[in-house]
$ cat query_17.cif   # mmCIF, C-alpha atoms and all ligand atoms
data_data
#
loop_
_atom_site.label_atom_id
_atom_site.label_comp_id
_atom_site.auth_asym_id
_atom_site.auth_seq_id
_atom_site.Cartn_x
_atom_site.Cartn_y
_atom_site.Cartn_z
CA MET A 229 209.35 84.52 196.61
CA THR A 230 209.41 88.29 196.81
CA ASP A 231 211.94 90.90 195.65
CA SER A 232 210.25 93.47 197.83
CA ALA A 233 211.79 95.11 200.86
CA HIS A 234 208.21 95.84 201.97
CA PRO A 235 206.15 92.74 201.15
CA GLY A 236 202.86 94.41 202.13
CA SER A 237 203.04 96.91 199.25
CA ALA A 238 201.31 96.48 195.89
CA LEU A 239 203.65 99.03 194.32
CA GLU A 240 207.00 100.36 195.53
CA LEU A 241 209.22 102.99 193.98
CA GLU A 242 212.63 103.40 195.61
CA GLY A 243 214.67 106.44 194.59
CA VAL A 244 213.29 106.38 191.06
CA THR A 245 215.06 108.83 188.76
CA ARG A 246 214.44 109.18 185.02
CA VAL A 247 216.74 111.33 182.95
CA TYR A 248 215.92 111.98 179.29
CA GLY A 249 218.37 113.22 176.67
CA SER A 250 222.16 113.28 176.85
CA THR A 251 224.76 115.40 178.62
CA GLY A 252 224.14 119.06 178.04
CA THR A 253 220.48 118.64 177.06
CA GLU A 254 219.38 116.32 179.83
CA VAL A 255 216.00 116.61 181.51
CA ARG A 256 215.57 115.08 184.98
CA ALA A 257 211.90 114.17 184.57
CA LEU A 258 211.87 112.24 187.88
CA ASP A 259 214.32 112.82 190.67
CA GLY A 260 214.62 110.27 193.47
CA VAL A 261 210.96 109.41 193.99
CA THR A 262 210.19 106.93 196.78
CA LEU A 263 206.63 105.75 197.22
CA ARG A 264 204.87 102.69 198.68
CA LEU A 265 201.24 101.95 197.94
CA PRO A 266 199.30 99.28 199.84
CA PRO A 267 196.98 96.82 198.06
CA GLY A 268 193.47 98.15 197.51
CA SER A 269 194.56 101.80 197.76
CA PHE A 270 193.47 104.50 195.32
CA THR A 271 196.13 107.17 194.83
CA ALA A 272 195.95 110.33 192.73
CA VAL A 273 199.16 111.82 191.29
CA MET A 274 199.10 115.58 190.79
CA GLY A 275 201.46 118.42 190.00
CA PRO A 276 202.03 121.26 187.54
CA SER A 277 202.51 120.53 183.85
CA GLY A 278 205.93 118.95 183.25
CA SER A 279 206.36 117.90 186.89
CA GLY A 280 206.85 114.24 185.95
CA LYS A 281 203.41 112.68 186.49
CA SER A 282 203.28 110.68 183.25
CA THR A 283 206.93 109.69 183.65
CA LEU A 284 206.16 108.38 187.14
CA LEU A 285 203.20 106.40 185.82
CA ASN A 286 205.21 104.99 182.90
CA CYS A 287 208.11 103.92 185.14
CA ALA A 288 205.78 102.44 187.76
CA ALA A 289 203.91 100.48 185.08
CA GLY A 290 207.02 99.13 183.37
CA LEU A 291 206.34 101.10 180.17
CA ASP A 292 209.59 103.00 180.70
CA ARG A 293 212.72 102.06 182.63
CA PRO A 294 214.15 104.31 185.37
CA THR A 295 217.69 105.64 184.97
CA GLU A 296 218.23 104.93 188.68
CA GLY A 297 216.21 103.36 191.46
CA SER A 298 213.85 100.40 191.51
CA VAL A 299 210.20 99.60 190.91
CA THR A 300 208.56 96.60 192.58
CA VAL A 301 205.03 95.52 191.67
CA GLN A 302 203.28 92.79 193.62
CA GLY A 303 206.61 91.87 195.19
CA ARG A 304 208.34 91.53 191.81
CA SER A 305 211.23 93.82 190.91
CA LEU A 306 210.79 95.03 187.32
CA ALA A 307 214.51 95.77 186.83
CA GLY A 308 215.45 92.12 186.42
CA LEU A 309 212.85 91.43 183.71
CA SER A 310 213.72 91.36 180.00
CA ASP A 311 211.46 93.35 177.66
CA ASP A 312 209.49 90.18 176.80
CA GLN A 313 209.10 89.22 180.45
CA LEU A 314 208.01 92.77 181.24
CA THR A 315 205.35 92.62 178.52
CA ARG A 316 204.04 89.32 179.91
CA PHE A 317 204.13 90.69 183.46
CA ARG A 318 202.13 93.76 182.41
CA ARG A 319 199.52 91.63 180.63
CA ALA A 320 199.12 89.39 183.67
CA HIS A 321 199.15 91.94 186.49
CA LEU A 322 198.56 95.49 185.23
CA GLY A 323 195.76 97.43 183.59
CA PHE A 324 195.85 100.79 181.79
CA VAL A 325 193.34 103.51 181.05
CA PHE A 326 194.32 106.61 179.05
CA GLN A 327 192.77 110.02 178.49
CA ALA A 328 192.16 109.31 174.79
CA PHE A 329 190.42 105.94 175.46
CA ASN A 330 192.72 104.17 172.93
CA LEU A 331 190.08 101.67 171.79
CA LEU A 332 190.73 99.93 168.48
CA PRO A 333 188.27 101.65 166.11
CA TYR A 334 187.47 98.62 163.93
CA LEU A 335 186.64 96.33 166.86
CA THR A 336 183.32 96.34 168.74
CA ALA A 337 183.13 97.11 172.45
CA TYR A 338 183.00 93.35 173.13
CA GLN A 339 186.02 92.64 170.92
CA ASN A 340 188.00 95.49 172.52
CA VAL A 341 187.34 94.04 175.97
CA GLU A 342 188.30 90.48 175.04
CA LEU A 343 191.53 91.66 173.38
CA PRO A 344 193.75 91.61 176.51
CA LEU A 345 192.72 87.99 177.15
CA ARG A 346 193.59 87.05 173.57
CA LEU A 347 196.93 88.90 173.74
CA ALA A 348 197.78 87.11 176.99
CA GLY A 349 197.08 83.81 175.23
CA ARG A 350 194.34 83.01 177.72
CA ARG A 351 191.27 81.02 176.83
CA VAL A 352 188.67 83.71 176.20
CA ASP A 353 186.10 83.34 178.93
CA ARG A 354 182.96 84.81 177.35
CA ARG A 355 181.39 85.21 180.76
CA ALA A 356 184.29 87.35 182.02
CA VAL A 357 183.93 89.68 179.01
CA VAL A 358 180.14 89.94 179.39
CA GLU A 359 180.56 90.56 183.12
CA ALA A 360 183.19 93.27 182.57
CA LEU A 361 180.86 95.04 180.11
CA ALA A 362 177.93 94.72 182.53
CA GLU A 363 180.01 96.19 185.37
CA VAL A 364 180.54 99.35 183.34
CA SER A 365 176.89 99.35 182.14
CA ILE A 366 177.77 98.85 178.47
CA ASP A 367 176.14 95.45 178.00
CA GLY A 368 173.42 96.92 175.77
CA ARG A 369 176.03 98.31 173.38
CA ALA A 370 178.49 95.42 173.34
CA HIS A 371 178.36 95.09 169.56
CA HIS A 372 178.77 98.77 168.73
CA LEU A 373 181.99 100.21 167.34
CA PRO A 374 183.75 102.94 169.39
CA ALA A 375 182.63 105.63 166.90
CA GLU A 376 179.02 104.68 167.69
CA LEU A 377 179.53 105.35 171.42
CA SER A 378 179.77 108.60 173.40
CA GLY A 379 183.09 109.61 174.99
CA GLY A 380 181.87 108.49 178.40
CA GLN A 381 180.74 105.13 177.02
CA GLN A 382 184.07 104.66 175.22
CA GLN A 383 185.97 105.33 178.42
CA ARG A 384 183.77 102.85 180.29
CA VAL A 385 184.62 100.24 177.63
CA ALA A 386 188.30 101.13 178.16
CA VAL A 387 187.85 100.56 181.90
CA ALA A 388 186.20 97.18 181.21
CA ARG A 389 189.12 96.29 178.92
CA ALA A 390 191.60 97.26 181.64
CA MET A 391 189.70 95.26 184.26
CA VAL A 392 188.78 92.08 182.39
CA ALA A 393 191.95 90.25 183.37
CA ARG A 394 191.48 91.43 186.99
CA PRO A 395 194.84 93.23 187.20
CA ALA A 396 196.31 93.80 190.67
CA VAL A 397 197.27 97.37 189.77
CA LEU A 398 195.42 99.71 187.43
CA PHE A 399 197.17 102.81 186.05
CA ALA A 400 195.02 105.62 184.72
CA ASP A 401 196.55 108.67 182.99
CA GLU A 402 193.99 111.49 183.10
CA PRO A 403 191.07 109.07 182.59
CA THR A 404 188.49 111.85 182.98
CA GLY A 405 190.39 114.55 181.07
CA ALA A 406 188.19 114.29 177.96
CA LEU A 407 184.85 113.75 179.72
CA ASP A 408 182.05 115.94 181.02
CA SER A 409 181.42 115.89 184.76
CA VAL A 410 178.64 113.26 184.67
CA ALA A 411 180.67 110.83 182.53
CA ALA A 412 183.76 111.58 184.66
CA ARG A 413 181.88 110.68 187.82
CA ALA A 414 180.81 107.34 186.33
CA VAL A 415 184.42 106.46 185.47
CA LEU A 416 185.64 107.52 188.94
CA ASP A 417 182.88 105.41 190.54
CA LEU A 418 184.25 102.39 188.64
CA LEU A 419 187.82 103.03 189.82
CA ARG A 420 186.61 103.53 193.39
CA GLN A 421 184.66 100.24 193.28
CA ALA A 422 187.65 98.37 191.89
CA ALA A 423 189.66 99.42 194.96
CA ASP A 424 186.86 98.97 197.52
CA ARG A 425 185.21 95.78 196.28
CA ARG A 426 188.04 93.90 194.60
CA GLY A 427 191.09 95.23 196.43
CA GLN A 428 192.70 96.44 193.20
CA THR A 429 195.33 99.15 193.58
CA ILE A 430 194.60 102.27 191.55
CA VAL A 431 197.13 104.93 190.52
CA MET A 432 195.57 107.86 188.66
CA VAL A 433 197.24 110.94 187.21
CA THR A 434 194.82 113.85 187.12
CA HIS A 435 194.71 117.65 186.88
CA ASP A 436 191.24 117.75 188.39
CA PRO A 437 190.92 118.32 192.18
CA VAL A 438 187.37 116.89 192.12
CA ALA A 439 188.68 113.65 190.59
CA ALA A 440 191.62 113.56 193.02
CA ALA A 441 189.21 113.91 195.94
CA ARG A 442 187.80 110.45 195.09
CA ALA A 443 191.19 108.89 195.90
CA ASP A 444 192.34 107.77 199.36
CA SER A 445 195.42 109.95 199.07
CA VAL A 446 197.10 112.38 196.71
CA VAL A 447 200.82 112.58 196.00
CA PHE A 448 202.14 115.88 194.68
CA LEU A 449 205.07 116.24 192.30
CA ALA A 450 207.03 119.36 191.39
CA ASP A 451 210.09 119.37 189.13
CA GLY A 452 210.29 115.58 189.24
CA ARG A 453 210.33 115.37 193.03
CA LEU A 454 207.73 114.12 195.45
CA VAL A 455 206.89 117.26 197.42
CA GLY A 456 203.89 116.20 199.49
CA THR A 457 201.11 113.75 200.18
CA MET A 458 197.55 114.35 201.36
CA ALA A 459 195.37 111.70 202.99
CA ALA A 460 191.56 111.89 202.80
CA PRO A 461 191.73 114.72 200.21
CA THR A 462 188.96 117.21 199.56
CA ALA A 463 188.69 119.09 196.26
CA ASP A 464 189.26 122.45 198.01
CA ALA A 465 192.34 121.27 199.90
CA VAL A 466 193.80 119.73 196.72
CA ALA A 467 193.13 122.89 194.68
CA GLY A 468 194.83 124.99 197.40
CA GLN A 469 197.91 122.76 197.43
CA LEU A 470 198.13 122.82 193.62
CA ALA A 471 197.94 126.60 193.50
CA HIS A 472 200.74 126.75 196.07
CA LEU A 473 202.89 124.33 194.03
CA GLY A 474 202.21 126.32 190.85
CA GLU A 475 203.53 129.47 192.58
CA LEU A 476 206.61 127.67 193.93
CA THR A 477 207.40 126.22 190.49
CA ALA A 478 206.96 129.61 188.82
CA VAL A 479 209.36 131.20 191.34
CA SER A 480 212.04 128.54 190.87
CA ARG A 481 212.09 128.92 187.04
N1 LIG B 501 210.64 111.13 176.00
C1 LIG B 501 211.06 112.28 176.52
N2 LIG B 501 212.18 112.89 176.06
C2 LIG B 501 212.63 114.04 176.60
N3 LIG B 501 212.01 114.70 177.61
C3 LIG B 501 210.88 114.15 178.10
C4 LIG B 501 210.34 112.92 177.59
N4 LIG B 501 209.20 112.64 178.29
C5 LIG B 501 209.05 113.63 179.18
N5 LIG B 501 210.05 114.54 179.07
C6 LIG B 501 210.23 115.75 179.89
O1 LIG B 501 210.18 115.34 181.25
C7 LIG B 501 209.45 116.28 182.04
C8 LIG B 501 208.28 115.58 182.73
O2 LIG B 501 207.33 115.19 181.73
P1 LIG B 501 205.96 114.46 182.07
O3 LIG B 501 205.24 114.21 180.78
O4 LIG B 501 206.22 113.30 182.95
O5 LIG B 501 205.21 115.59 182.92
P2 LIG B 501 203.65 115.68 183.35
O6 LIG B 501 203.67 116.15 184.76
O7 LIG B 501 202.97 114.40 183.03
O8 LIG B 501 203.16 116.84 182.40
P3 LIG B 501 201.68 117.19 181.82
O9 LIG B 501 200.81 117.47 183.01
O10 LIG B 501 201.91 118.41 180.99
O11 LIG B 501 201.23 116.00 181.02
C9 LIG B 501 209.05 117.40 181.11
O12 LIG B 501 210.02 118.43 181.21
C10 LIG B 501 209.08 116.75 179.73
O13 LIG B 501 209.36 117.69 178.74
#

$ encode --input "query_17.cif" --output "structure tokens" --more "lines below"
Ligand SMILES: Nc1ncnc2c1ncn2[C@@H]1O[C@H](COP(=O)(O)OP(=O)(O)OP(=O)(O)O)[C@@H](O)[C@H]1O
Amino acid sequence: MTDSAHPGSALELEGVTRVYGSTGTEVRALDGVTLRLPPGSFTAVMGPSGSGKSTLLNCAAGLDRPTEGSVTVQGRSLAGLSDDQLTRFRRAHLGFVFQAFNLLPYLTAYQNVELPLRLAGRRVDRRAVVEALAEVSIDGRAHHLPAELSGGQQQRVAVARAMVARPAVLFADEPTGALDSVAARAVLDLLRQAADRRGQTIVMVTHDPVAAARADSVVFLADGRLVGTMAAPTADAVAGQLAHLGELTAVSR
């Protein structure tokens, strides 16, 4: 059974609005965003600071609930799920990678990667964990603690952790923001492969036009609204569009 009006989509946002605060002090962080992403697509979300990128990601991933509108992931509407059901749904179908890696400091790389399987109450398949670490080229450091790894290595462990349960949709919030360009490229290669080889759907917030150029398309936000999309992006074209949006936002303030 599907709740989706567009069954071919991995992720659908219909008129998603998120208002923070109360009357008088309210902030419309997202304002009527409609978006449909097909399975196996890699989409970058860009826009000036405060344009609503993280809010979009959080609403799409069921970490926050929209004030209005609906989010459907893999044909399942998130609105009807209780908080517990939403947590279970996220563990089963979604993966997350954050700018600050968010690894647990007292667990080894291996233990960090097996954690989502333990939390989901699944039998821990040692092979799946070893494979996930090998995919991100961390197998030689599986028993190191995060503090014993470089930033790039830590983020690769975080990608392995996000991927170990083979989520249908992976959300990444500035995954390369704290990395140098070589480490960033390695992380982007992994996201690209997840879409191309395993048909996983990737949604990545980034400020970096070079990172965005690795996606199939870029969606641009300004003041909480979807103001444009770009297919087959290049870093130059993305940078040009961002500069334009920055000027428009500055004028409207
Ligand atoms: N929990 C919250 N309470 C009140 N306002 C919020 C909250 N979260 C976000 N906002 C506001 O909503 C707007 C959008 O924020 P959001 O973090 O989504 O933007 P962003 O595009 O991700 O910004 P940045 O690039 O700086 O991270 C901003 O004006 C922000 O101040």

$ atom_distance --input "query_17.cif" --atom1 "atom CA of Gly468 of chain A" --atom2 "atom CA of Thr429 of chain A"
26.1 Å

$ closest_residue --input "query_17.cif" --among "A:Arg355, A:Arg246, A:Arg350, A:Arg389" --to "Thr283 of chain A" --atoms "all atoms listed in the file"
A:Arg246

$ residues_near_ligand --input "query_17.cif" --ligand "ligand LIG 501 (chain B)" --cutoff "6 Å" --atoms "all atoms listed in the file" --output "list of chain:residue names"
A:Tyr248, A:Gly249, A:Val255, A:Ala257, A:Ser277, A:Gly278, A:Ser279, A:Gly280, A:Lys281, A:Ser282, A:Thr283

$ write_last_selection --input "query_17.cif" --atoms "C-alpha atoms" --output "short mmCIF file (atom, residue, chain, number, x, y, z; two decimals), keeping the file's coordinate frame"
data_model
loop_
_atom_site.label_atom_id
_atom_site.label_comp_id
_atom_site.auth_asym_id
_atom_site.auth_seq_id
_atom_site.Cartn_x
_atom_site.Cartn_y
_atom_site.Cartn_z
CA TYR A 248 215.92 111.98 179.29
CA GLY A 249 218.37 113.22 176.67
CA VAL A 255 216.00 116.61 181.51
CA ALA A 257 211.90 114.17 184.57
CA SER A 277 202.51 120.53 183.85
CA GLY A 278 205.93 118.95 183.25
CA SER A 279 206.36 117.90 186.89
CA GLY A 280 206.85 114.24 185.95
CA LYS A 281 203.41 112.68 186.49
CA SER A 282 203.28 110.68 183.25
CA THR A 283 206.93 109.69 183.65
#

$ residues_around --input "query_17.cif" --residues "Arg442 of chain A" --least-positions-apart "2" --cutoff "8 Å" --atoms "all atoms listed in the file" --output "MDAnalysis selection string"
chainID A and resid 416 420 438:440 444 461

$ closest_residue --input "query_17.cif" --among "A:Ile366, A:Val273, A:Ala238, A:Leu258" --to "Ser305 of chain A" --atoms "only C-alpha atoms"
A:Ala238

$ closest_residue --input "query_17.cif" --among "A:Ala356, A:Ala393, A:Val247, A:Ala450" --to "Leu473 of chain A" --atoms "all atoms listed in the file"
A:Ala450

$ atom_distance --input "query_17.cif" --atom1 "atom CA of Glu240 of chain A" --atom2 "atom CA of Gly405 of chain A"
26.2 Å

$ axis_aligned_box --input "query_17.cif" --around "segment 446-462 of chain A" --padding-each-side "5 Å" --output "JSON"
{"center_x": 199.6, "center_y": 115.5, "center_z": 196.1, "size_x": 31.4, "size_y": 17.7, "size_z": 23.9}

$ closest_residue --input "query_17.cif" --among "A:Thr404, A:Met391, A:Ala337, A:Gly252" --to "Gly368 of chain A" --atoms "all atoms listed in the file"
A:Ala337

$ atom_distance --input "query_17.cif" --atom1 "atom CA of Phe324 of chain A" --atom2 "atom CA of Gln469 of chain A"
27.0 Å

$ closest_residue --input "query_17.cif" --among "A:Ser269, A:Asn286, A:Gly308, A:Asp259" --to "Ala443 of chain A" --atoms "all atoms listed in the file"
A:Ser269

$ residues_near_point --input "query_17.cif" --point "(200.0, 108.5, 199.1)" --cutoff "6 Å" --atoms "all atoms listed in the file" --output "number ranges by chain"
A: 271, 445-447, 457

$ residues_around --input "query_17.cif" --residues "Leu285 of chain A" --least-positions-apart "4" --cutoff "12 Å" --atoms "only C-alpha atoms" --output "JSON, numbers by chain"
{"A": [239, 241, 244, 246, 257, 258, 261, 263, 271, 272, 273, 274, 279, 280, 281, 289, 290, 291, 292, 293, 294, 299, 322, 323, 324, 325, 326, 397, 398, 399, 400, 401, 402, 430, 431, 432, 433, 434, 449]}
